[in-house]
Amino acid sequence: MTPTRNGPFTLRCALVAGPLLLSLALAWLVTGPVSLGGGEKDILLVLPLVLWSFLYLCAGLALWWRGMALGRALAWSAGVALGGVVVVIAGLFFVLHPGTAGAVQPRASQAVNPNPAL
């Protein structure tokens with residue numbers, strides 16, 4: 001990985017790592033001096049942004065190492081990061097709400113009767 005391949009080194013580093021640094025600064029602000037009105041739930045608004053920016057950083061560095069041009073690498077990194085966030089959120093949804101993932105529910109005739117005298 002040469003520093004000048006497909007763009008200056010500092011510009012690439014700033015464009016790839018900048019979103020992660022800004023989202024971590026936002027997370028610090030939300031947990032401390034700034035309140036969005038949600039109490040402890042404020043950090044839940046920032047977590048997807050931190051995840052996206054981390055995936056963006058990883059994809060950006062990988063595509064830089066592969067030699068992709070700056071514009072294409074940034075666009076692909078954004079798409080990969082967005083797809084990763086969607087997969088993680090969908091996975092959490094299906095893990096935390098298993099009945100909505102197409103799980104088979106027991107029929108009324110197969111359900112356990114809590115009062116066998118009836």
# chains A, B, ... in the order shown; residues from 1 in each chain; ligands from 1
>>> residues_around(residues="Phe54 in chain A", least_positions_apart="3", cutoff="8 Å", atoms="only C-alpha atoms", output="PyMOL selection string")
chain A and resi 20+50-51+57-58+81
>>> residues_around(residues="Cys13 in chain A", least_positions_apart="5", cutoff="9 Å", atoms="only C-alpha atoms", output="VMD selection string")
chain A and resid 8 18 61
>>> closest_residue(among="A:Phe94, A:Ser23, A:Ala59, A:Val88", to="Leu45 in chain A", atoms="only C-alpha atoms")
A:Ser23
>>> atom_distance(atom1="CA of Ala27 in chain A", atom2="CA of Leu47 in chain A")
7.9 Å
>>> residues_around(residues="Val46 in chain A", least_positions_apart="6", cutoff="12 Å", atoms="only C-alpha atoms", output="ChimeraX atom specification")
/A:20,22-31,36,38,40,52-53
>>> write_last_selection(atoms="N, CA, C and O atoms", output="PDB file, in the first residue's frame")
ATOM      1  N   LEU A  20     -16.082   7.904  11.588  1.00  0.00           N
ATOM      2  CA  LEU A  20     -15.992   7.185  12.857  1.00  0.00           C
ATOM      3  C   LEU A  20     -15.624   8.141  13.989  1.00  0.00           C
ATOM      4  O   LEU A  20     -16.210   8.081  15.080  1.00  0.00           O
ATOM      5  N   LEU A  22     -16.217  11.364  14.125  1.00  0.00           N
ATOM      6  CA  LEU A  22     -17.362  12.235  14.386  1.00  0.00           C
ATOM      7  C   LEU A  22     -18.488  11.500  15.110  1.00  0.00           C
ATOM      8  O   LEU A  22     -19.141  12.066  15.991  1.00  0.00           O
ATOM      9  N   SER A  23     -18.736  10.245  14.752  1.00  0.00           N
ATOM     10  CA  SER A  23     -19.805   9.505  15.423  1.00  0.00           C
ATOM     11  C   SER A  23     -19.425   9.173  16.866  1.00  0.00           C
ATOM     12  O   SER A  23     -20.280   9.174  17.751  1.00  0.00           O
ATOM     13  N   LEU A  24     -18.145   8.904  17.124  1.00  0.00           N
ATOM     14  CA  LEU A  24     -17.714   8.684  18.507  1.00  0.00           C
ATOM     15  C   LEU A  24     -17.812   9.974  19.316  1.00  0.00           C
ATOM     16  O   LEU A  24     -18.180   9.944  20.500  1.00  0.00           O
ATOM     17  N   ALA A  25     -17.513  11.105  18.695  1.00  0.00           N
ATOM     18  CA  ALA A  25     -17.682  12.386  19.379  1.00  0.00           C
ATOM     19  C   ALA A  25     -19.163  12.644  19.680  1.00  0.00           C
ATOM     20  O   ALA A  25     -19.512  13.126  20.761  1.00  0.00           O
ATOM     21  N   LEU A  26     -20.034  12.294  18.743  1.00  0.00           N
ATOM     22  CA  LEU A  26     -21.468  12.442  18.971  1.00  0.00           C
ATOM     23  C   LEU A  26     -21.938  11.517  20.095  1.00  0.00           C
ATOM     24  O   LEU A  26     -22.757  11.906  20.923  1.00  0.00           O
ATOM     25  N   ALA A  27     -21.414  10.293  20.140  1.00  0.00           N
ATOM     26  CA  ALA A  27     -21.771   9.370  21.220  1.00  0.00           C
ATOM     27  C   ALA A  27     -21.344   9.932  22.572  1.00  0.00           C
ATOM     28  O   ALA A  27     -22.072   9.825  23.560  1.00  0.00           O
ATOM     29  N   TRP A  28     -20.170  10.536  22.621  1.00  0.00           N
ATOM     30  CA  TRP A  28     -19.709  11.129  23.872  1.00  0.00           C
ATOM     31  C   TRP A  28     -20.599  12.306  24.264  1.00  0.00           C
ATOM     32  O   TRP A  28     -20.944  12.469  25.434  1.00  0.00           O
ATOM     33  N   LEU A  29     -20.994  13.115  23.288  1.00  0.00           N
ATOM     34  CA  LEU A  29     -21.858  14.249  23.586  1.00  0.00           C
ATOM     35  C   LEU A  29     -23.227  13.804  24.086  1.00  0.00           C
ATOM     36  O   LEU A  29     -23.793  14.397  24.999  1.00  0.00           O
ATOM     37  N   VAL A  30     -23.766  12.754  23.477  1.00  0.00           N
ATOM     38  CA  VAL A  30     -25.096  12.286  23.858  1.00  0.00           C
ATOM     39  C   VAL A  30     -25.080  11.682  25.261  1.00  0.00           C
ATOM     40  O   VAL A  30     -26.035  11.835  26.016  1.00  0.00           O
ATOM     41  N   THR A  31     -24.006  10.995  25.621  1.00  0.00           N
ATOM     42  CA  THR A  31     -23.946  10.402  26.954  1.00  0.00           C
ATOM     43  C   THR A  31     -23.590  11.422  28.022  1.00  0.00           C
ATOM     44  O   THR A  31     -23.740  11.144  29.201  1.00  0.00           O
ATOM     45  N   LEU A  36     -30.972  14.455  24.114  1.00  0.00           N
ATOM     46  CA  LEU A  36     -31.943  14.457  23.021  1.00  0.00           C
ATOM     47  C   LEU A  36     -33.359  14.218  23.526  1.00  0.00           C
ATOM     48  O   LEU A  36     -34.281  14.061  22.749  1.00  0.00           O
ATOM     49  N   GLY A  38     -34.388  11.593  25.379  1.00  0.00           N
ATOM     50  CA  GLY A  38     -34.755  10.194  25.535  1.00  0.00           C
ATOM     51  C   GLY A  38     -34.133   9.516  26.734  1.00  0.00           C
ATOM     52  O   GLY A  38     -34.299   8.323  26.923  1.00  0.00           O
ATOM     53  N   GLU A  40     -31.641   7.485  28.769  1.00  0.00           N
ATOM     54  CA  GLU A  40     -30.621   6.501  28.415  1.00  0.00           C
ATOM     55  C   GLU A  40     -30.795   5.978  26.984  1.00  0.00           C
ATOM     56  O   GLU A  40     -29.894   5.386  26.422  1.00  0.00           O
ATOM     57  N   TRP A  52     -22.224   1.868  11.480  1.00  0.00           N
ATOM     58  CA  TRP A  52     -22.058   2.207  10.068  1.00  0.00           C
ATOM     59  C   TRP A  52     -20.675   2.781   9.808  1.00  0.00           C
ATOM     60  O   TRP A  52     -20.005   2.406   8.858  1.00  0.00           O
ATOM     61  N   SER A  53     -20.234   3.702  10.661  1.00  0.00           N
ATOM     62  CA  SER A  53     -18.946   4.348  10.420  1.00  0.00           C
ATOM     63  C   SER A  53     -17.784   3.382  10.621  1.00  0.00           C
ATOM     64  O   SER A  53     -16.770   3.476   9.932  1.00  0.00           O
TER      65      SER A  53
END
